[in-house]
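Printed here is work-v5.txt (compact mmCIF, N, CA and C atoms):
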# COMPACT_ATOMS: atom_id res chain seq x y z
N MET S 271 -14.55 -20.03 -9.44
CA MET S 271 -13.31 -20.76 -9.52
C MET S 271 -13.15 -21.58 -8.24
N ASP S 272 -12.76 -22.82 -8.37
CA ASP S 272 -12.54 -23.70 -7.23
C ASP S 272 -11.48 -23.08 -6.31
N ARG S 273 -11.73 -23.12 -4.99
CA ARG S 273 -10.84 -22.50 -4.02
C ARG S 273 -9.42 -23.04 -4.11
N ARG S 274 -9.28 -24.36 -4.28
CA ARG S 274 -7.96 -24.96 -4.39
C ARG S 274 -7.23 -24.46 -5.63
N ILE S 275 -7.96 -24.39 -6.74
CA ILE S 275 -7.36 -23.91 -7.98
C ILE S 275 -7.00 -22.44 -7.86
N GLU S 276 -7.91 -21.65 -7.27
CA GLU S 276 -7.64 -20.23 -7.10
C GLU S 276 -6.41 -20.01 -6.23
N SER S 277 -6.28 -20.79 -5.15
CA SER S 277 -5.13 -20.67 -4.28
C SER S 277 -3.84 -21.02 -5.03
N GLU S 278 -3.88 -22.09 -5.84
CA GLU S 278 -2.73 -22.46 -6.67
C GLU S 278 -2.40 -21.35 -7.66
N PHE S 279 -3.46 -20.78 -8.27
CA PHE S 279 -3.27 -19.70 -9.22
C PHE S 279 -2.55 -18.54 -8.54
N THR S 280 -3.00 -18.17 -7.34
CA THR S 280 -2.39 -17.08 -6.61
C THR S 280 -0.93 -17.38 -6.29
N ARG S 281 -0.65 -18.57 -5.79
CA ARG S 281 0.73 -18.94 -5.45
C ARG S 281 1.64 -18.92 -6.67
N ASN S 282 1.17 -19.44 -7.78
CA ASN S 282 2.00 -19.56 -8.97
C ASN S 282 2.20 -18.25 -9.71
N ASN S 283 1.40 -17.25 -9.44
CA ASN S 283 1.49 -16.00 -10.17
C ASN S 283 2.08 -14.86 -9.36
N ILE S 284 2.68 -15.15 -8.24
CA ILE S 284 3.32 -14.11 -7.45
C ILE S 284 4.79 -14.47 -7.29
N SER S 285 5.63 -13.82 -8.06
CA SER S 285 7.06 -14.08 -7.92
C SER S 285 7.65 -13.15 -6.88
N ASP S 286 7.11 -11.96 -6.74
CA ASP S 286 7.59 -11.00 -5.75
C ASP S 286 6.38 -10.52 -4.97
N LYS S 287 6.29 -10.89 -3.70
CA LYS S 287 5.11 -10.57 -2.91
C LYS S 287 4.94 -9.06 -2.70
N ARG S 288 5.96 -8.27 -3.01
CA ARG S 288 5.84 -6.83 -2.87
C ARG S 288 5.38 -6.19 -4.18
N GLN S 289 5.13 -7.01 -5.19
CA GLN S 289 4.65 -6.49 -6.48
C GLN S 289 3.22 -6.01 -6.32
N MET S 290 2.88 -4.87 -6.90
CA MET S 290 1.55 -4.30 -6.79
C MET S 290 0.52 -5.05 -7.64
N VAL S 291 -0.71 -5.07 -7.17
CA VAL S 291 -1.83 -5.49 -8.01
C VAL S 291 -2.11 -4.26 -8.85
N ARG S 292 -1.89 -4.35 -10.12
CA ARG S 292 -2.08 -3.16 -10.95
C ARG S 292 -3.16 -3.42 -11.97
N GLN S 293 -4.02 -2.46 -12.08
CA GLN S 293 -5.11 -2.52 -13.03
C GLN S 293 -4.95 -1.35 -13.98
N PRO S 294 -5.10 -1.56 -15.28
CA PRO S 294 -5.03 -0.42 -16.19
C PRO S 294 -6.29 0.43 -16.03
N THR S 295 -6.24 1.40 -15.10
CA THR S 295 -7.43 2.18 -14.77
C THR S 295 -7.39 3.55 -15.42
N GLY S 296 -6.63 3.70 -16.45
CA GLY S 296 -6.55 4.98 -17.14
C GLY S 296 -5.16 5.56 -17.05
N ARG S 297 -4.96 6.65 -17.76
CA ARG S 297 -3.64 7.28 -17.78
C ARG S 297 -3.40 8.04 -16.50
N ASN S 298 -2.16 8.01 -16.07
CA ASN S 298 -1.74 8.92 -15.02
C ASN S 298 -0.52 9.65 -15.56
N GLU S 299 0.08 10.53 -14.77
CA GLU S 299 1.15 11.37 -15.27
C GLU S 299 2.30 10.60 -15.90
N GLY S 300 2.64 9.45 -15.38
CA GLY S 300 3.76 8.69 -15.92
C GLY S 300 3.40 7.87 -17.13
N GLY S 301 2.13 7.88 -17.52
CA GLY S 301 1.70 7.09 -18.65
C GLY S 301 1.58 5.61 -18.30
N GLY S 302 1.80 5.27 -17.04
CA GLY S 302 1.74 3.89 -16.61
C GLY S 302 0.39 3.53 -16.06
N VAL S 303 0.38 2.63 -15.11
CA VAL S 303 -0.87 2.22 -14.48
C VAL S 303 -0.82 2.60 -13.03
N ARG S 304 -1.98 2.59 -12.39
CA ARG S 304 -2.04 2.90 -10.97
C ARG S 304 -2.80 1.80 -10.26
N LEU S 305 -2.68 1.79 -8.94
CA LEU S 305 -3.43 0.80 -8.16
C LEU S 305 -4.92 1.00 -8.39
N ALA S 306 -5.65 -0.09 -8.42
CA ALA S 306 -7.10 -0.02 -8.61
C ALA S 306 -7.71 0.72 -7.44
N ASP S 307 -8.73 1.56 -7.72
CA ASP S 307 -9.38 2.27 -6.63
C ASP S 307 -10.32 1.34 -5.87
N ASN S 308 -10.93 1.86 -4.81
CA ASN S 308 -11.76 1.03 -3.94
C ASN S 308 -12.91 0.34 -4.66
N LYS S 309 -13.60 1.06 -5.55
CA LYS S 309 -14.74 0.47 -6.26
C LYS S 309 -14.26 -0.70 -7.12
N GLN S 310 -13.15 -0.50 -7.83
CA GLN S 310 -12.61 -1.56 -8.65
C GLN S 310 -12.09 -2.70 -7.78
N SER S 311 -11.52 -2.36 -6.64
CA SER S 311 -11.00 -3.37 -5.73
C SER S 311 -12.12 -4.25 -5.21
N ARG S 312 -13.23 -3.64 -4.81
CA ARG S 312 -14.37 -4.42 -4.31
C ARG S 312 -14.94 -5.31 -5.40
N ALA S 313 -15.02 -4.78 -6.62
CA ALA S 313 -15.54 -5.58 -7.74
C ALA S 313 -14.61 -6.76 -8.02
N LEU S 314 -13.30 -6.52 -7.94
CA LEU S 314 -12.32 -7.59 -8.15
C LEU S 314 -12.46 -8.64 -7.06
N ASP S 315 -12.62 -8.20 -5.81
CA ASP S 315 -12.79 -9.15 -4.70
C ASP S 315 -14.03 -10.02 -4.91
N ARG S 316 -15.13 -9.41 -5.33
CA ARG S 316 -16.36 -10.18 -5.57
C ARG S 316 -16.16 -11.17 -6.71
N ALA S 317 -15.54 -10.70 -7.79
CA ALA S 317 -15.36 -11.56 -8.97
C ALA S 317 -14.44 -12.74 -8.68
N LEU S 318 -13.38 -12.49 -7.91
CA LEU S 318 -12.41 -13.55 -7.63
C LEU S 318 -12.72 -14.33 -6.37
N GLY S 319 -13.63 -13.83 -5.56
CA GLY S 319 -13.91 -14.48 -4.29
C GLY S 319 -12.74 -14.29 -3.32
N THR S 320 -12.24 -13.07 -3.27
CA THR S 320 -11.09 -12.77 -2.41
C THR S 320 -11.49 -11.81 -1.30
N VAL S 321 -10.60 -11.69 -0.31
CA VAL S 321 -10.76 -10.74 0.78
C VAL S 321 -9.43 -10.05 1.02
N LEU S 322 -9.47 -8.93 1.72
CA LEU S 322 -8.26 -8.21 2.06
C LEU S 322 -7.90 -8.48 3.51
N ILE S 323 -6.63 -8.84 3.75
CA ILE S 323 -6.16 -9.03 5.13
C ILE S 323 -4.77 -8.40 5.27
N PRO S 324 -4.46 -7.87 6.46
CA PRO S 324 -3.15 -7.25 6.67
C PRO S 324 -2.05 -8.29 6.80
N TRP S 325 -0.83 -7.87 6.42
CA TRP S 325 0.34 -8.74 6.50
C TRP S 325 1.57 -7.88 6.73
N THR S 326 2.50 -8.35 7.54
CA THR S 326 3.78 -7.68 7.76
C THR S 326 4.87 -8.57 7.20
N ASP S 327 5.69 -8.00 6.31
CA ASP S 327 6.74 -8.80 5.68
C ASP S 327 7.99 -8.85 6.56
N GLU S 328 9.03 -9.49 6.03
CA GLU S 328 10.26 -9.70 6.80
C GLU S 328 11.02 -8.40 7.08
N THR S 329 10.72 -7.32 6.35
CA THR S 329 11.36 -6.03 6.61
C THR S 329 10.52 -5.16 7.54
N GLU S 330 9.41 -5.72 8.05
CA GLU S 330 8.47 -5.04 8.95
C GLU S 330 7.58 -4.04 8.24
N ARG S 331 7.50 -4.12 6.92
CA ARG S 331 6.54 -3.30 6.18
C ARG S 331 5.15 -3.94 6.29
N LYS S 332 4.14 -3.09 6.48
CA LYS S 332 2.76 -3.57 6.58
C LYS S 332 2.10 -3.44 5.21
N TRP S 333 1.39 -4.50 4.82
CA TRP S 333 0.71 -4.54 3.53
C TRP S 333 -0.73 -5.00 3.72
N MET S 334 -1.60 -4.55 2.84
CA MET S 334 -2.94 -5.12 2.76
C MET S 334 -2.89 -6.08 1.58
N MET S 335 -3.18 -7.36 1.86
CA MET S 335 -3.05 -8.41 0.86
C MET S 335 -4.40 -8.94 0.43
N ARG S 336 -4.52 -9.22 -0.85
CA ARG S 336 -5.73 -9.84 -1.41
C ARG S 336 -5.50 -11.34 -1.46
N VAL S 337 -6.35 -12.09 -0.74
CA VAL S 337 -6.23 -13.55 -0.67
C VAL S 337 -7.59 -14.19 -0.95
N PRO S 338 -7.60 -15.46 -1.35
CA PRO S 338 -8.87 -16.15 -1.55
C PRO S 338 -9.65 -16.22 -0.23
N GLN S 339 -10.98 -16.14 -0.33
CA GLN S 339 -11.81 -16.24 0.88
C GLN S 339 -11.48 -17.54 1.61
N GLY S 340 -11.37 -17.44 2.92
CA GLY S 340 -11.08 -18.60 3.74
C GLY S 340 -9.59 -18.83 3.94
N GLU S 341 -8.76 -18.15 3.17
CA GLU S 341 -7.30 -18.31 3.30
C GLU S 341 -6.83 -17.46 4.48
N THR S 342 -5.93 -17.98 5.28
CA THR S 342 -5.40 -17.23 6.42
C THR S 342 -3.94 -16.85 6.25
N ASP S 343 -3.25 -17.41 5.25
CA ASP S 343 -1.85 -17.10 5.00
C ASP S 343 -1.75 -15.92 4.05
N ALA S 344 -1.62 -14.72 4.61
CA ALA S 344 -1.58 -13.51 3.80
C ALA S 344 -0.34 -13.46 2.91
N SER S 345 0.71 -14.17 3.27
CA SER S 345 1.95 -14.10 2.48
C SER S 345 1.78 -14.63 1.07
N ILE S 346 0.73 -15.40 0.80
CA ILE S 346 0.52 -15.92 -0.55
C ILE S 346 -0.33 -14.96 -1.38
N GLY S 347 -0.80 -13.89 -0.76
CA GLY S 347 -1.71 -12.97 -1.44
C GLY S 347 -1.01 -12.03 -2.40
N ILE S 348 -1.81 -11.15 -2.96
CA ILE S 348 -1.35 -10.12 -3.89
C ILE S 348 -1.51 -8.79 -3.18
N VAL S 349 -0.50 -7.94 -3.26
CA VAL S 349 -0.52 -6.65 -2.57
C VAL S 349 -1.64 -5.77 -3.13
N ALA S 350 -2.48 -5.26 -2.21
CA ALA S 350 -3.54 -4.33 -2.59
C ALA S 350 -3.16 -2.90 -2.21
N GLY S 351 -2.14 -2.72 -1.38
CA GLY S 351 -1.68 -1.39 -1.00
C GLY S 351 -1.00 -1.43 0.35
N PRO S 352 -0.35 -0.40 0.76
CA PRO S 352 -0.01 0.78 -0.02
C PRO S 352 1.07 0.47 -1.05
N PRO S 353 1.31 1.39 -1.99
CA PRO S 353 2.35 1.12 -2.99
C PRO S 353 3.73 1.05 -2.34
N ASP S 354 4.64 0.40 -3.00
CA ASP S 354 6.02 0.29 -2.53
C ASP S 354 6.66 1.67 -2.58
N THR S 355 7.17 2.14 -1.46
CA THR S 355 7.75 3.49 -1.37
C THR S 355 9.26 3.51 -1.60
N SER S 356 9.86 2.37 -1.86
CA SER S 356 11.32 2.31 -1.98
C SER S 356 11.87 3.15 -3.13
N SER S 357 11.06 3.43 -4.14
CA SER S 357 11.54 4.23 -5.28
C SER S 357 11.72 5.71 -4.91
N LEU S 358 11.29 6.12 -3.72
CA LEU S 358 11.45 7.52 -3.30
C LEU S 358 12.88 7.85 -2.92
N GLY S 359 13.72 6.83 -2.74
CA GLY S 359 15.13 7.06 -2.44
C GLY S 359 15.41 7.46 -1.00
N LEU S 360 14.50 7.19 -0.09
CA LEU S 360 14.71 7.49 1.33
C LEU S 360 15.61 6.44 1.96
N PRO S 361 16.30 6.79 3.04
CA PRO S 361 17.01 5.75 3.78
C PRO S 361 16.01 4.69 4.22
N GLU S 362 16.45 3.44 4.31
CA GLU S 362 15.52 2.33 4.56
C GLU S 362 14.68 2.52 5.81
N VAL S 363 15.26 3.04 6.87
CA VAL S 363 14.50 3.23 8.11
C VAL S 363 13.34 4.19 7.88
N LEU S 364 13.59 5.30 7.18
CA LEU S 364 12.52 6.25 6.89
C LEU S 364 11.53 5.69 5.88
N ASP S 365 12.03 4.94 4.91
CA ASP S 365 11.16 4.33 3.91
C ASP S 365 10.15 3.40 4.57
N ILE S 366 10.62 2.54 5.45
CA ILE S 366 9.73 1.60 6.14
C ILE S 366 8.75 2.35 7.03
N ALA S 367 9.24 3.37 7.74
CA ALA S 367 8.36 4.15 8.61
C ALA S 367 7.28 4.86 7.80
N LEU S 368 7.64 5.45 6.65
CA LEU S 368 6.65 6.12 5.82
C LEU S 368 5.64 5.12 5.27
N HIS S 369 6.14 4.02 4.76
CA HIS S 369 5.26 2.98 4.22
C HIS S 369 4.23 2.55 5.27
N ASN S 370 4.69 2.28 6.48
CA ASN S 370 3.80 1.82 7.55
C ASN S 370 2.84 2.91 8.00
N GLU S 371 3.29 4.16 7.97
CA GLU S 371 2.40 5.26 8.34
C GLU S 371 1.28 5.42 7.31
N LEU S 372 1.61 5.25 6.04
CA LEU S 372 0.58 5.28 5.00
C LEU S 372 -0.43 4.15 5.22
N PHE S 373 0.07 2.97 5.56
CA PHE S 373 -0.79 1.83 5.86
C PHE S 373 -1.69 2.15 7.06
N ASN S 374 -1.08 2.64 8.15
CA ASN S 374 -1.83 2.93 9.38
C ASN S 374 -2.93 3.97 9.16
N ARG S 375 -2.69 4.89 8.24
CA ARG S 375 -3.68 5.94 7.96
C ARG S 375 -4.70 5.49 6.91
N GLY S 376 -4.57 4.25 6.45
CA GLY S 376 -5.53 3.73 5.48
C GLY S 376 -5.36 4.29 4.08
N LEU S 377 -4.16 4.78 3.77
CA LEU S 377 -3.89 5.31 2.43
C LEU S 377 -3.33 4.17 1.58
N LEU S 378 -4.24 3.35 1.11
CA LEU S 378 -3.85 2.13 0.40
C LEU S 378 -3.96 2.28 -1.11
N THR S 379 -4.88 3.10 -1.58
CA THR S 379 -5.15 3.20 -3.02
C THR S 379 -5.13 4.65 -3.48
N TRP S 380 -5.12 4.82 -4.79
CA TRP S 380 -5.20 6.15 -5.38
C TRP S 380 -6.47 6.86 -4.90
N GLN S 381 -7.56 6.14 -4.82
CA GLN S 381 -8.83 6.71 -4.37
C GLN S 381 -8.69 7.26 -2.94
N ASP S 382 -7.99 6.54 -2.08
CA ASP S 382 -7.79 6.99 -0.70
C ASP S 382 -7.04 8.32 -0.65
N VAL S 383 -5.96 8.44 -1.42
CA VAL S 383 -5.17 9.68 -1.37
C VAL S 383 -5.88 10.82 -2.09
N LYS S 384 -6.72 10.51 -3.09
CA LYS S 384 -7.51 11.57 -3.73
C LYS S 384 -8.50 12.16 -2.75
N LYS S 385 -9.08 11.32 -1.90
CA LYS S 385 -10.07 11.79 -0.92
C LYS S 385 -9.42 12.54 0.23
N ARG S 386 -8.20 12.14 0.60
CA ARG S 386 -7.55 12.71 1.80
C ARG S 386 -6.08 13.06 1.52
N PRO S 387 -5.83 13.99 0.59
CA PRO S 387 -4.43 14.31 0.25
C PRO S 387 -3.64 14.90 1.42
N GLN S 388 -4.32 15.57 2.35
CA GLN S 388 -3.64 16.16 3.50
C GLN S 388 -3.01 15.08 4.39
N GLU S 389 -3.52 13.86 4.30
CA GLU S 389 -2.98 12.76 5.10
C GLU S 389 -1.56 12.39 4.68
N ILE S 390 -1.20 12.65 3.43
CA ILE S 390 0.17 12.37 3.00
C ILE S 390 1.15 13.26 3.75
N GLN S 391 0.84 14.56 3.82
CA GLN S 391 1.70 15.48 4.56
C GLN S 391 1.73 15.10 6.04
N ALA S 392 0.60 14.74 6.60
CA ALA S 392 0.55 14.34 8.00
C ALA S 392 1.40 13.09 8.23
N ALA S 393 1.38 12.15 7.29
CA ALA S 393 2.19 10.94 7.41
C ALA S 393 3.68 11.30 7.38
N LEU S 394 4.06 12.20 6.49
CA LEU S 394 5.47 12.63 6.42
C LEU S 394 5.90 13.29 7.73
N GLN S 395 5.06 14.19 8.25
CA GLN S 395 5.39 14.86 9.50
C GLN S 395 5.50 13.85 10.64
N SER S 396 4.63 12.89 10.66
CA SER S 396 4.65 11.87 11.70
C SER S 396 5.94 11.06 11.65
N VAL S 397 6.36 10.72 10.44
CA VAL S 397 7.58 9.92 10.27
C VAL S 397 8.80 10.72 10.69
N LEU S 398 8.85 11.98 10.29
CA LEU S 398 10.00 12.81 10.61
C LEU S 398 9.94 13.35 12.03
N LYS S 399 8.78 13.26 12.68
CA LYS S 399 8.59 13.73 14.06
C LYS S 399 9.01 15.20 14.20
N ILE S 400 8.68 15.96 13.20
CA ILE S 400 9.06 17.37 13.20
C ILE S 400 7.96 18.16 12.51
N ASP S 401 7.78 19.40 12.90
CA ASP S 401 6.82 20.24 12.20
C ASP S 401 7.45 21.61 11.95
N SER S 402 6.75 22.44 11.23
CA SER S 402 7.31 23.73 10.85
C SER S 402 7.58 24.61 12.06
N GLY S 403 6.80 24.47 13.13
CA GLY S 403 7.03 25.26 14.34
C GLY S 403 8.40 25.01 14.95
N LYS S 404 8.84 23.77 14.95
CA LYS S 404 10.16 23.45 15.49
C LYS S 404 11.27 24.05 14.62
N ILE S 405 11.07 24.04 13.33
CA ILE S 405 12.07 24.63 12.43
C ILE S 405 12.11 26.14 12.63
N MET S 406 10.95 26.77 12.79
CA MET S 406 10.90 28.21 13.02
C MET S 406 11.62 28.58 14.31
N MET S 407 11.51 27.74 15.33
CA MET S 407 12.20 27.99 16.60
C MET S 407 13.71 28.01 16.42
N LEU S 408 14.21 27.18 15.50
CA LEU S 408 15.65 27.20 15.22
C LEU S 408 16.09 28.58 14.77
N TYR S 409 15.28 29.24 13.95
CA TYR S 409 15.63 30.57 13.44
C TYR S 409 15.54 31.62 14.55
N ARG S 410 14.65 31.44 15.47
CA ARG S 410 14.52 32.41 16.58
C ARG S 410 15.73 32.35 17.50
N GLU S 411 16.39 31.18 17.55
CA GLU S 411 17.52 31.00 18.45
C GLU S 411 18.83 31.55 17.88
N ILE S 412 18.82 31.94 16.60
CA ILE S 412 20.07 32.45 15.98
C ILE S 412 20.33 33.84 16.45

Is it possible to give me this structure as structure tokens?
Amino acid sequence: MDRRIESEFTRNNISDKRQMVRQPTGRNEGGGVRLADNKQSRALDRALGTVLIPWTDETERKWMMRVPQGETDASIGIVAGPPDTSSLGLPEVLDIALHNELFNRGLLTWQDVKKRPQEIQAALQSVLKIDSGKIMMLYREI
């Protein structure tokens, strides 16, 4: 696909830059779709002639964006991960912190979290800046 046409295609097909790139990769618990795993992501990048580059949006959330090769404006890309965490119902400050911690730990796709599920708990602890030892100390002080 011609780079100019591909770039136009990308611009015209993204109404919400926080919308996930979703591939029907099989059933998950919700019966919906999940983010494409790394193997599918690499195949998609090769087929479309795209690359992944980091981007920080206006709310300071960090995203990995899929853009045409040679493009430097990540804001026109399609989100490759991490998924939008706003549906978790956390206060915005914690939501942004968790989202960015998942990004920083490289937990961008379902494949990433399947390989390293313990990193999710570590990300939560990092965001809350608290661990079970501190909570146990509260009980010792009673």

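For the pair atom N of Arg386 (chain S) and atom N of Asp354 (chain S), the separation is 17.8 Å.
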
>> Here is a test: counting only C-alpha atoms, which residue of S:Ile405, S:Ala313, S:Pro338, S:Leu368 is nearest to Gln391 (chain S)?
In response: S:Leu368

> Could you work out how far atom C of Arg336 (chain S) lies from atom N of Ile323 (chain S), giving the answer in Å with one decimal?
Replying inline: 5.9 Å

> Which distance in Å separates atom N of Glu328 (chain S) and CA of Ala393 (chain S), to one decimal?
Replying inline: 21.6 Å

>> If you run DSSP on the backbone here, which positions in region 292-403 of chain S get helix (DSSP H, G or I)? Please write them as a PyMOL selection string.
In response: chain S and resi 308-318+344-346+356-358+362-374+380-385+388-398+402-403

Around (13.2, 9.3, 4.7), as given in the file, which residues come within 12 Å? Count only C-alpha atoms and list them as an mmCIF file with N, CA and C atoms, in the coordinates of the input.
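Output saved as result-v4.cif:
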data_model
loop_
_atom_site.group_PDB
_atom_site.id
_atom_site.type_symbol
_atom_site.label_atom_id
_atom_site.label_comp_id
_atom_site.auth_asym_id
_atom_site.auth_seq_id
_atom_site.Cartn_x
_atom_site.Cartn_y
_atom_site.Cartn_z
ATOM 1 N N THR S 355 7.170 2.140 -1.460
ATOM 2 C CA THR S 355 7.750 3.490 -1.370
ATOM 3 C C THR S 355 9.260 3.510 -1.600
ATOM 4 N N SER S 356 9.860 2.370 -1.860
ATOM 5 C CA SER S 356 11.320 2.310 -1.980
ATOM 6 C C SER S 356 11.870 3.150 -3.130
ATOM 7 N N SER S 357 11.060 3.430 -4.140
ATOM 8 C CA SER S 357 11.540 4.230 -5.280
ATOM 9 C C SER S 357 11.720 5.710 -4.910
ATOM 10 N N LEU S 358 11.290 6.120 -3.720
ATOM 11 C CA LEU S 358 11.450 7.520 -3.300
ATOM 12 C C LEU S 358 12.880 7.850 -2.920
ATOM 13 N N GLY S 359 13.720 6.830 -2.740
ATOM 14 C CA GLY S 359 15.130 7.060 -2.440
ATOM 15 C C GLY S 359 15.410 7.460 -1.000
ATOM 16 N N LEU S 360 14.500 7.190 -0.090
ATOM 17 C CA LEU S 360 14.710 7.490 1.330
ATOM 18 C C LEU S 360 15.610 6.440 1.960
ATOM 19 N N PRO S 361 16.300 6.790 3.040
ATOM 20 C CA PRO S 361 17.010 5.750 3.780
ATOM 21 C C PRO S 361 16.010 4.690 4.220
ATOM 22 N N GLU S 362 16.450 3.440 4.310
ATOM 23 C CA GLU S 362 15.520 2.330 4.560
ATOM 24 C C GLU S 362 14.680 2.520 5.810
ATOM 25 N N VAL S 363 15.260 3.040 6.870
ATOM 26 C CA VAL S 363 14.500 3.230 8.110
ATOM 27 C C VAL S 363 13.340 4.190 7.880
ATOM 28 N N LEU S 364 13.590 5.300 7.180
ATOM 29 C CA LEU S 364 12.520 6.250 6.890
ATOM 30 C C LEU S 364 11.530 5.690 5.880
ATOM 31 N N ASP S 365 12.030 4.940 4.910
ATOM 32 C CA ASP S 365 11.160 4.330 3.910
ATOM 33 C C ASP S 365 10.150 3.400 4.570
ATOM 34 N N ILE S 366 10.620 2.540 5.450
ATOM 35 C CA ILE S 366 9.730 1.600 6.140
ATOM 36 C C ILE S 366 8.750 2.350 7.030
ATOM 37 N N ALA S 367 9.240 3.370 7.740
ATOM 38 C CA ALA S 367 8.360 4.150 8.610
ATOM 39 C C ALA S 367 7.280 4.860 7.800
ATOM 40 N N LEU S 368 7.640 5.450 6.650
ATOM 41 C CA LEU S 368 6.650 6.120 5.820
ATOM 42 C C LEU S 368 5.640 5.120 5.270
ATOM 43 N N HIS S 369 6.140 4.020 4.760
ATOM 44 C CA HIS S 369 5.260 2.980 4.220
ATOM 45 C C HIS S 369 4.230 2.550 5.270
ATOM 46 N N ALA S 393 1.380 12.150 7.290
ATOM 47 C CA ALA S 393 2.190 10.940 7.410
ATOM 48 C C ALA S 393 3.680 11.300 7.380
ATOM 49 N N LEU S 394 4.060 12.200 6.490
ATOM 50 C CA LEU S 394 5.470 12.630 6.420
ATOM 51 C C LEU S 394 5.900 13.290 7.730
ATOM 52 N N GLN S 395 5.060 14.190 8.250
ATOM 53 C CA GLN S 395 5.390 14.860 9.500
ATOM 54 C C GLN S 395 5.500 13.850 10.640
ATOM 55 N N SER S 396 4.630 12.890 10.660
ATOM 56 C CA SER S 396 4.650 11.870 11.700
ATOM 57 C C SER S 396 5.940 11.060 11.650
ATOM 58 N N VAL S 397 6.360 10.720 10.440
ATOM 59 C CA VAL S 397 7.580 9.920 10.270
ATOM 60 C C VAL S 397 8.800 10.720 10.690
ATOM 61 N N LEU S 398 8.850 11.980 10.290
ATOM 62 C CA LEU S 398 10.000 12.810 10.610
ATOM 63 C C LEU S 398 9.940 13.350 12.030
ATOM 64 N N LYS S 399 8.780 13.260 12.680
ATOM 65 C CA LYS S 399 8.590 13.730 14.060
ATOM 66 C C LYS S 399 9.010 15.200 14.200
#
